[in-house]
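Trainee: What follows is data17.csv, CSV, C-alpha atoms and all ligand atoms.
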chain,number,residue,atom,x,y,z
B,1,MET,CA,6.4,-2.3,29.2
B,2,GLU,CA,8.5,-1.9,32.4
B,3,GLN,CA,11.4,-0.9,30.2
B,4,LEU,CA,9.2,1.5,28.4
B,5,VAL,CA,8.2,3.2,31.7
B,6,ALA,CA,11.8,3.7,32.5
B,7,ALA,CA,13.0,4.8,29.1
B,8,PRO,CA,13.5,8.5,28.3
B,9,ALA,CA,12.1,7.9,24.7
B,10,SER,CA,10.6,5.2,22.6
B,11,VAL,CA,9.7,4.4,19.0
B,12,LEU,CA,6.6,2.4,17.9
B,13,LEU,CA,7.0,1.1,14.4
B,14,LEU,CA,3.8,-0.2,12.8
B,15,ASP,CA,2.9,-2.0,9.6
B,16,TYR,CA,-0.5,-0.9,8.3
B,17,ASP,CA,-2.5,-3.6,6.3
B,18,GLY,CA,-3.4,-6.6,8.4
B,19,THR,CA,-1.7,-5.1,11.4
B,20,LEU,CA,-3.6,-1.8,12.2
B,21,ALA,CA,-6.4,-2.4,9.7
B,22,PRO,CA,-8.3,-5.5,8.7
B,23,PHE,CA,-8.2,-6.5,5.0
B,24,HIS,CA,-10.9,-5.2,2.7
B,25,THR,CA,-11.6,-6.1,-0.9
B,26,GLU,CA,-11.6,-2.4,-1.7
B,27,ARG,CA,-8.1,-1.4,-0.7
B,28,HIS,CA,-9.0,2.3,-0.3
B,29,LEU,CA,-11.6,1.3,2.3
B,30,ALA,CA,-9.3,-0.7,4.6
B,31,TYR,CA,-9.6,1.6,7.6
B,32,PRO,CA,-7.9,0.9,11.0
B,33,TYR,CA,-9.8,-1.0,13.7
B,34,PRO,CA,-12.0,1.6,15.5
B,35,GLN,CA,-9.8,2.1,18.7
B,36,VAL,CA,-6.5,2.3,16.8
B,37,VAL,CA,-6.4,6.0,15.6
B,38,PRO,CA,-7.5,7.5,19.0
B,39,LEU,CA,-4.9,5.4,20.8
B,40,LEU,CA,-2.1,6.5,18.4
B,41,GLU,CA,-3.2,10.1,18.8
B,42,SER,CA,-3.0,9.8,22.6
B,43,ILE,CA,0.4,8.1,22.4
B,44,LEU,CA,1.7,11.0,20.2
B,45,LYS,CA,0.2,13.6,22.6
B,46,CYS,CA,2.4,12.2,25.4
B,47,ALA,CA,5.4,13.3,23.4
B,48,LYS,CA,7.6,10.5,24.7
B,49,SER,CA,7.0,8.1,21.8
B,50,ARG,CA,7.6,8.6,18.1
B,51,ILE,CA,5.3,6.6,15.9
B,52,VAL,CA,6.3,5.4,12.5
B,53,ILE,CA,4.1,3.6,9.9
B,54,ILE,CA,6.2,1.3,7.7
B,55,THR,CA,4.0,0.0,4.9
B,56,GLY,CA,4.1,-1.5,1.4
B,57,ARG,CA,1.6,1.1,0.3
B,58,PRO,CA,2.7,4.3,-1.4
B,59,ILE,CA,2.6,7.2,1.1
B,60,ILE,CA,0.0,9.0,-1.1
B,61,GLU,CA,-2.7,6.4,-0.2
B,62,MET,CA,-2.2,6.7,3.6
B,63,GLY,CA,-3.7,10.2,4.3
B,64,PRO,CA,-7.4,9.3,4.0
B,65,LEU,CA,-6.9,6.0,5.8
B,66,LEU,CA,-5.2,7.5,8.9
B,67,SER,CA,-7.1,10.7,9.0
B,68,PRO,CA,-7.1,12.7,11.3
B,69,LEU,CA,-3.4,11.7,11.9
B,70,ASP,CA,-2.2,13.9,9.1
B,71,ASN,CA,1.4,14.5,10.3
B,72,ILE,CA,2.4,11.0,11.3
B,73,GLU,CA,5.8,9.8,10.0
B,74,ILE,CA,5.6,7.2,7.2
B,75,TRP,CA,8.0,5.0,5.3
B,76,GLY,CA,6.0,3.9,2.2
B,77,SER,CA,6.5,1.5,-0.7
B,78,HIS,CA,8.5,-0.9,1.6
B,79,GLY,CA,11.0,1.8,2.6
B,80,LEU,CA,11.5,3.5,-0.9
B,81,GLU,CA,9.6,6.6,0.3
B,82,HIS,CA,9.9,8.5,3.5
B,83,ARG,CA,7.9,11.4,4.9
B,84,PRO,CA,9.0,12.5,8.4
B,85,ALA,CA,6.6,14.0,10.8
B,86,ASP,CA,7.9,17.5,9.7
B,87,GLY,CA,6.5,16.7,6.2
B,88,ILE,CA,9.5,16.8,3.9
B,89,TYR,CA,8.9,13.9,1.5
B,90,ARG,CA,11.8,12.0,0.0
B,91,GLN,CA,11.9,9.1,-2.4
B,92,ILE,CA,15.0,6.9,-3.2
B,93,MET,CA,15.5,6.8,-6.9
B,94,ILE,CA,15.8,3.3,-8.5
B,95,ALA,CA,18.3,2.4,-11.3
B,96,PRO,CA,17.1,3.1,-14.8
B,97,GLU,CA,17.8,-0.5,-15.9
B,98,THR,CA,15.5,-1.7,-13.0
B,99,ALA,CA,12.8,0.8,-14.0
B,100,ALA,CA,13.0,-0.5,-17.6
B,101,VAL,CA,12.5,-4.1,-16.4
B,102,LEU,CA,9.5,-3.0,-14.3
B,103,SER,CA,7.9,-1.4,-17.3
B,104,GLN,CA,8.4,-4.5,-19.4
B,105,ALA,CA,6.7,-6.5,-16.6
B,106,GLU,CA,3.8,-3.9,-16.8
B,107,SER,CA,3.5,-4.5,-20.5
B,108,TRP,CA,3.4,-8.2,-20.0
B,109,LEU,CA,0.6,-7.9,-17.4
B,110,ASN,CA,-1.4,-5.7,-19.7
B,111,ALA,CA,-1.0,-8.2,-22.6
B,112,ALA,CA,-2.1,-11.0,-20.2
B,113,GLY,CA,-5.3,-9.1,-19.5
B,114,LEU,CA,-4.4,-8.4,-15.8
B,115,ALA,CA,-4.2,-4.6,-16.0
B,116,HIS,CA,-7.3,-4.2,-13.8
B,117,ARG,CA,-5.7,-6.3,-11.1
B,118,THR,CA,-2.4,-4.5,-11.3
B,119,GLU,CA,-1.1,-1.7,-9.1
B,120,ILE,CA,1.8,0.4,-10.2
B,121,LYS,CA,3.7,1.8,-7.3
B,122,PRO,CA,7.1,3.4,-6.6
B,123,GLY,CA,9.7,0.6,-7.2
B,124,GLY,CA,7.2,-2.2,-7.8
B,125,ILE,CA,4.2,-3.7,-9.5
B,126,ALA,CA,1.6,-5.6,-7.5
B,127,VAL,CA,-1.1,-8.0,-8.7
B,128,HIS,CA,-4.0,-8.2,-6.3
B,129,TRP,CA,-6.6,-11.0,-6.0
B,130,ARG,CA,-8.3,-10.3,-2.7
B,131,GLY,CA,-12.0,-11.2,-2.5
B,132,LEU,CA,-12.1,-13.2,-5.8
B,133,PRO,CA,-13.5,-16.7,-6.1
B,134,ASP,CA,-11.0,-19.5,-5.5
B,135,ALA,CA,-10.9,-20.6,-9.1
B,136,GLU,CA,-10.2,-17.1,-10.3
B,137,VAL,CA,-7.5,-16.6,-7.7
B,138,GLU,CA,-5.8,-19.8,-8.9
B,139,ARG,CA,-6.0,-18.7,-12.5
B,140,ILE,CA,-4.5,-15.2,-11.8
B,141,GLN,CA,-1.9,-16.4,-9.4
B,142,SER,CA,-0.5,-19.1,-11.7
B,143,SER,CA,-0.6,-16.8,-14.7
B,144,ALA,CA,1.1,-13.9,-12.8
B,145,GLN,CA,3.6,-16.2,-11.2
B,146,LYS,CA,4.6,-17.7,-14.5
B,147,GLY,CA,4.8,-14.4,-16.3
B,148,LEU,CA,6.6,-12.5,-13.6
B,149,SER,CA,9.1,-15.0,-12.2
B,150,GLY,CA,11.6,-14.3,-15.1
B,151,PHE,CA,11.5,-10.6,-14.2
B,152,GLY,CA,11.9,-11.4,-10.6
B,153,GLU,CA,15.3,-13.1,-11.4
B,154,GLN,CA,16.7,-9.9,-12.9
B,155,PRO,CA,19.4,-8.1,-10.8
B,156,GLY,CA,17.9,-5.7,-8.2
B,157,LEU,CA,14.4,-7.2,-8.4
B,158,LYS,CA,12.5,-9.9,-6.5
B,159,LEU,CA,9.0,-11.4,-6.7
B,160,LEU,CA,7.3,-11.3,-3.3
B,161,LYS,CA,4.2,-13.1,-2.2
B,162,PHE,CA,1.9,-11.2,0.1
B,163,GLU,CA,-1.4,-11.9,1.8
B,164,ALA,CA,-3.6,-11.7,-1.4
B,165,GLY,CA,-1.3,-11.1,-4.2
B,166,LEU,CA,2.2,-11.0,-5.8
B,167,GLU,CA,4.6,-8.0,-6.1
B,168,LEU,CA,7.5,-7.6,-8.3
B,169,ARG,CA,9.7,-5.0,-6.6
B,170,VAL,CA,13.2,-3.7,-6.0
B,171,THR,CA,15.2,-5.9,-3.6
B,172,HIS,CA,16.3,-2.8,-1.7
B,173,PRO,CA,15.2,-0.9,0.1
B,174,ASN,CA,13.0,-3.3,2.0
B,175,LYS,CA,11.3,-2.8,5.4
B,176,GLY,CA,14.5,-4.1,7.1
B,177,ASP,CA,16.5,-1.3,5.4
B,178,ALA,CA,13.9,1.3,6.7
B,179,ILE,CA,14.3,-0.1,10.2
B,180,SER,CA,18.1,0.1,9.9
B,181,SER,CA,17.9,3.8,8.9
B,182,ILE,CA,15.6,4.5,11.9
B,183,LEU,CA,18.0,2.6,14.3
B,184,ASN,CA,20.9,4.7,13.0
B,185,GLY,CA,19.4,7.8,14.4
B,186,LEU,CA,18.6,6.5,17.8
B,187,ASP,CA,20.6,6.3,21.1
B,188,HIS,CA,20.8,3.1,23.0
B,189,LYS,CA,18.4,4.2,25.7
B,190,THR,CA,15.5,4.5,23.3
B,191,ARG,CA,13.1,1.5,23.4
B,192,ILE,CA,11.7,0.3,20.1
B,193,ALA,CA,9.1,-2.2,18.8
B,194,PHE,CA,7.8,-3.2,15.4
B,195,LEU,CA,4.4,-4.8,14.8
B,196,GLY,CA,3.7,-6.5,11.4
B,197,ASP,CA,1.7,-9.4,9.9
B,198,ASP,CA,3.0,-10.3,6.5
B,199,LEU,CA,6.0,-12.1,4.9
B,200,THR,CA,7.5,-8.8,3.9
B,201,ASP,CA,7.6,-7.9,7.6
B,202,GLU,CA,10.0,-10.7,8.3
B,203,ASP,CA,13.0,-8.6,7.0
B,204,ALA,CA,12.0,-6.0,9.5
B,205,PHE,CA,11.7,-8.6,12.4
B,206,ARG,CA,15.2,-9.9,11.5
B,207,VAL,CA,16.8,-6.5,11.6
B,208,LEU,CA,15.1,-5.3,14.7
B,209,ASN,CA,15.4,-8.5,16.8
B,210,PRO,CA,18.8,-7.6,18.4
B,211,HIS,CA,17.6,-4.1,19.3
B,212,GLY,CA,14.0,-4.3,20.2
B,213,LEU,CA,10.6,-6.1,20.4
B,214,THR,CA,9.2,-7.7,17.3
B,215,VAL,CA,5.5,-8.6,17.2
B,216,LEU,CA,3.5,-10.7,14.7
B,217,VAL,CA,-0.1,-9.5,14.5
B,218,ARG,CA,-2.2,-12.1,12.9
B,219,PRO,CA,-5.4,-14.1,13.6
B,220,GLU,CA,-3.6,-17.4,13.1
B,221,TYR,CA,-0.1,-18.2,14.1
B,222,ARG,CA,2.6,-18.9,11.5
B,223,GLU,CA,6.3,-19.5,11.6
B,224,THR,CA,8.0,-16.2,12.1
B,225,ASN,CA,11.1,-14.3,13.3
B,226,ALA,CA,8.9,-12.2,15.6
B,227,GLN,CA,9.4,-12.6,19.3
B,228,ILE,CA,5.7,-12.5,20.3
B,229,TRP,CA,2.3,-13.0,18.6
B,230,LEU,CA,-0.8,-10.9,19.1
B,231,ARG,CA,-4.3,-11.6,17.7
B,232,PRO,CA,-6.0,-8.5,16.3
B,233,PRO,CA,-8.0,-6.6,17.2
B,234,GLY,CA,-8.4,-7.3,20.9
B,235,GLU,CA,-4.8,-8.1,21.8
B,236,LEU,CA,-3.5,-5.4,19.5
B,237,VAL,CA,-5.7,-2.8,21.1
B,238,SER,CA,-4.6,-4.0,24.5
B,239,PHE,CA,-0.9,-3.7,23.5
B,240,LEU,CA,-1.4,-0.1,22.3
B,241,ASP,CA,-3.3,0.7,25.4
B,242,GLN,CA,-0.5,-0.7,27.6
B,243,TRP,CA,2.0,1.3,25.6
B,244,LEU,CA,0.0,4.4,26.1
B,245,LYS,CA,-0.2,3.8,29.9
B,246,SER,CA,3.6,3.1,30.1
B,247,VAL,CA,4.6,6.3,28.3
B,248,SER,CA,2.1,8.4,30.3
B,249,MET,CA,3.6,7.4,33.7
B,301,MG,MG,0.7,-6.0,6.5
Mind converting the file's structure to structure tokens?
Ligand SMILES: [Mg+2]

Mentor:
Amino acid sequence: MEQLVAAPASVLLLDYDGTLAPFHTERHLAYPYPQVVPLLESILKCAKSRIVIITGRPIIEMGPLLSPLDNIEIWGSHGLEHRPADGIYRQIMIAPETAAVLSQAESWLNAAGLAHRTEIKPGGIAVHWRGLPDAEVERIQSSAQKGLSGFGEQPGLKLLKFEAGLELRVTHPNKGDAISSILNGLDHKTRIAFLGDDLTDEDAFRVLNPHGLTVLVRPEYRETNAQIWLRPPGELVSFLDQWLKSVSM
């Protein structure tokens, strides 16, 4: 925070689900903790900090969740999509062979009766099981794992486990690649931090560690590449509040 006070500029990189917002069985109702949006608005108003959301969700889902923060910069689909604060959307195209494998995986999930648990997103397919009874979770997980692992071994694809599901997605870009792109555009005086909770955030922690602060936001500790650990919502809100005070000085 002392470095932040002295720095001419700073960048606050934030994962969304599990970091700014508690999990919800209805994914479109996973709103941020109450104090988060007002704090982000105040930080942006100071004009000394850029804020970037780096999420596994497609960008199109983020508007209603972050309202009224309409113009915030977002890297979506783990870095495959980017919408800067000036609003010009860009999506990295994936190889046609990779897209073909993803659509075969989609057909497999449909045939396995998992269509209603499946989310098709740019560069990936996710199977969700949040909120289901344990026995059902076990059944879906083992079926999806068995069926998708072959696809996950194809070139350019990987199978990722996240908080309450599995995702078959392109190996690159990942969140670490998004952070590399952001770092490329910064000068060495800019202070930077990234806050995340999930296993997919570990790529981002690894890339950012030599250049800035990495923060695991999670109710329980787990082994991580992040430098510090905050428990949401209290310690997260207090961190954002200290950030705001530091850039307002
Ligand atoms: Mg997350």

Trainee: Report the distance between atom CA of Trp129 of chain B and atom CA of Ile72 of chain B in Å, rounded to one decimal place.

Mentor: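 These two atoms are separated by 29.4 Å.
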
Trainee: Could you report the residues within 6 Å of ligand MG 301 (chain B), using only C-alpha atoms and all ligand atoms, as an NGL selection string?

Mentor: :B and (15-19 or 196-198)

Trainee: When you count only C-alpha atoms, which of these residues is closest to Pro232 of chain B: B:Leu195, B:Thr200, B:Pro8, B:Leu39?

Mentor: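 Ranked by minimum distance to Pro232 of chain B, first place goes to B:Leu195.
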
Trainee: Residues near Glu2 of chain B, anyone? I mean within 8 Å using all atoms listed in the file, not counting same-chain ones fewer than 3 positions away, as a PDB file with C-alpha atoms, keeping the file's coordinate frame.

Mentor:
ATOM      1  CA  VAL B   5       8.200   3.200  31.700  1.00  0.00           C
ATOM      2  CA  ALA B   6      11.800   3.700  32.500  1.00  0.00           C
ATOM      3  CA  SER B 246       3.600   3.100  30.100  1.00  0.00           C
TER       4      SER B 246
END

Trainee: Can you tell me, as a PyMOL selection string, what residues are no more than 12 Å from segment 58-62 of chain B when counting only C-alpha atoms, ignoring any on the same chain fewer than 3 positions away?

Mentor: chain B and resi 15-17+21+27-32+53-55+65-84+87+89-91+119-126

Trainee: Emit the selected residues as an mmCIF file, in the frame of the given file, including C-alpha atoms.

Mentor:
data_model
loop_
_atom_site.group_PDB
_atom_site.id
_atom_site.type_symbol
_atom_site.label_atom_id
_atom_site.label_comp_id
_atom_site.auth_asym_id
_atom_site.auth_seq_id
_atom_site.Cartn_x
_atom_site.Cartn_y
_atom_site.Cartn_z
ATOM 1 C CA ASP B 15 2.900 -2.000 9.600
ATOM 2 C CA TYR B 16 -0.500 -0.900 8.300
ATOM 3 C CA ASP B 17 -2.500 -3.600 6.300
ATOM 4 C CA ALA B 21 -6.400 -2.400 9.700
ATOM 5 C CA ARG B 27 -8.100 -1.400 -0.700
ATOM 6 C CA HIS B 28 -9.000 2.300 -0.300
ATOM 7 C CA LEU B 29 -11.600 1.300 2.300
ATOM 8 C CA ALA B 30 -9.300 -0.700 4.600
ATOM 9 C CA TYR B 31 -9.600 1.600 7.600
ATOM 10 C CA PRO B 32 -7.900 0.900 11.000
ATOM 11 C CA ILE B 53 4.100 3.600 9.900
ATOM 12 C CA ILE B 54 6.200 1.300 7.700
ATOM 13 C CA THR B 55 4.000 0.000 4.900
ATOM 14 C CA LEU B 65 -6.900 6.000 5.800
ATOM 15 C CA LEU B 66 -5.200 7.500 8.900
ATOM 16 C CA SER B 67 -7.100 10.700 9.000
ATOM 17 C CA PRO B 68 -7.100 12.700 11.300
ATOM 18 C CA LEU B 69 -3.400 11.700 11.900
ATOM 19 C CA ASP B 70 -2.200 13.900 9.100
ATOM 20 C CA ASN B 71 1.400 14.500 10.300
ATOM 21 C CA ILE B 72 2.400 11.000 11.300
ATOM 22 C CA GLU B 73 5.800 9.800 10.000
ATOM 23 C CA ILE B 74 5.600 7.200 7.200
ATOM 24 C CA TRP B 75 8.000 5.000 5.300
ATOM 25 C CA GLY B 76 6.000 3.900 2.200
ATOM 26 C CA SER B 77 6.500 1.500 -0.700
ATOM 27 C CA HIS B 78 8.500 -0.900 1.600
ATOM 28 C CA GLY B 79 11.000 1.800 2.600
ATOM 29 C CA LEU B 80 11.500 3.500 -0.900
ATOM 30 C CA GLU B 81 9.600 6.600 0.300
ATOM 31 C CA HIS B 82 9.900 8.500 3.500
ATOM 32 C CA ARG B 83 7.900 11.400 4.900
ATOM 33 C CA PRO B 84 9.000 12.500 8.400
ATOM 34 C CA GLY B 87 6.500 16.700 6.200
ATOM 35 C CA TYR B 89 8.900 13.900 1.500
ATOM 36 C CA ARG B 90 11.800 12.000 0.000
ATOM 37 C CA GLN B 91 11.900 9.100 -2.400
ATOM 38 C CA GLU B 119 -1.100 -1.700 -9.100
ATOM 39 C CA ILE B 120 1.800 0.400 -10.200
ATOM 40 C CA LYS B 121 3.700 1.800 -7.300
ATOM 41 C CA PRO B 122 7.100 3.400 -6.600
ATOM 42 C CA GLY B 123 9.700 0.600 -7.200
ATOM 43 C CA GLY B 124 7.200 -2.200 -7.800
ATOM 44 C CA ILE B 125 4.200 -3.700 -9.500
ATOM 45 C CA ALA B 126 1.600 -5.600 -7.500
#

Trainee: Please check which residues have atoms at most 12 Å from (1.9, -2.8, -17.6) in the file's coordinates, counting all atoms listed in the file, and write them as a list in words.

Mentor: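 Those within range, by chain then number, are Ala100, Val101, Leu102, Ser103, Gln104, Ala105, Glu106, Ser107, Trp108, Leu109, Asn110, Ala111, Ala112, Gly113, Leu114, Ala115, His116, Arg117, Thr118, Glu119, Ile120, Lys121, Gly124, Ile125, Ala126, Val127, Leu148 and Leu168 of chain B.
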
Trainee: Would you export the selected residues with C-alpha atoms as a PDB file, keeping the file's coordinate frame, please?

Mentor:
ATOM      1  CA  ALA B 100      13.000  -0.500 -17.600  1.00  0.00           C
ATOM      2  CA  VAL B 101      12.500  -4.100 -16.400  1.00  0.00           C
ATOM      3  CA  LEU B 102       9.500  -3.000 -14.300  1.00  0.00           C
ATOM      4  CA  SER B 103       7.900  -1.400 -17.300  1.00  0.00           C
ATOM      5  CA  GLN B 104       8.400  -4.500 -19.400  1.00  0.00           C
ATOM      6  CA  ALA B 105       6.700  -6.500 -16.600  1.00  0.00           C
ATOM      7  CA  GLU B 106       3.800  -3.900 -16.800  1.00  0.00           C
ATOM      8  CA  SER B 107       3.500  -4.500 -20.500  1.00  0.00           C
ATOM      9  CA  TRP B 108       3.400  -8.200 -20.000  1.00  0.00           C
ATOM     10  CA  LEU B 109       0.600  -7.900 -17.400  1.00  0.00           C
ATOM     11  CA  ASN B 110      -1.400  -5.700 -19.700  1.00  0.00           C
ATOM     12  CA  ALA B 111      -1.000  -8.200 -22.600  1.00  0.00           C
ATOM     13  CA  ALA B 112      -2.100 -11.000 -20.200  1.00  0.00           C
ATOM     14  CA  GLY B 113      -5.300  -9.100 -19.500  1.00  0.00           C
ATOM     15  CA  LEU B 114      -4.400  -8.400 -15.800  1.00  0.00           C
ATOM     16  CA  ALA B 115      -4.200  -4.600 -16.000  1.00  0.00           C
ATOM     17  CA  HIS B 116      -7.300  -4.200 -13.800  1.00  0.00           C
ATOM     18  CA  ARG B 117      -5.700  -6.300 -11.100  1.00  0.00           C
ATOM     19  CA  THR B 118      -2.400  -4.500 -11.300  1.00  0.00           C
ATOM     20  CA  GLU B 119      -1.100  -1.700  -9.100  1.00  0.00           C
ATOM     21  CA  ILE B 120       1.800   0.400 -10.200  1.00  0.00           C
ATOM     22  CA  LYS B 121       3.700   1.800  -7.300  1.00  0.00           C
ATOM     23  CA  GLY B 124       7.200  -2.200  -7.800  1.00  0.00           C
ATOM     24  CA  ILE B 125       4.200  -3.700  -9.500  1.00  0.00           C
ATOM     25  CA  ALA B 126       1.600  -5.600  -7.500  1.00  0.00           C
ATOM     26  CA  VAL B 127      -1.100  -8.000  -8.700  1.00  0.00           C
ATOM     27  CA  LEU B 148       6.600 -12.500 -13.600  1.00  0.00           C
ATOM     28  CA  LEU B 168       7.500  -7.600  -8.300  1.00  0.00           C
TER      29      LEU B 168
END

Trainee: Just how far from atom CA of Ile192 of chain B is atom CA of Val37 of chain B, in Å to one decimal?

Mentor: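 So the answer is 19.5 Å.
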
Trainee: Counting all atoms listed in the file, what is within 8 Å of Arg191 of chain B, bar same-chain residues fewer than 4 positions away, as a list of chain:residue names?

Mentor: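 With the cut-off at 8 Å, the set is B:Gln3, B:Leu4, B:Ala7, B:Ala9, B:Ser10, B:Val11, B:Gly212.
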
Trainee: Record the distance separating atom CA of Ile140 of chain B and atom CA of Glu220 of chain B, expressed in Å with one decimal.

Mentor: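 Straight-line distance from atom CA of Ile140 of chain B to atom CA of Glu220 of chain B works out to 25.0 Å.
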
Trainee: Between B:Phe239, B:Ser181, B:Lys245, B:Ala164, which one has atoms that come closest to Asp134 of chain B, using all atoms listed in the file?

Mentor: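 Of B:Phe239, B:Ser181, B:Lys245, B:Ala164, the one nearest Asp134 of chain B, counting all atoms listed in the file, is B:Ala164.
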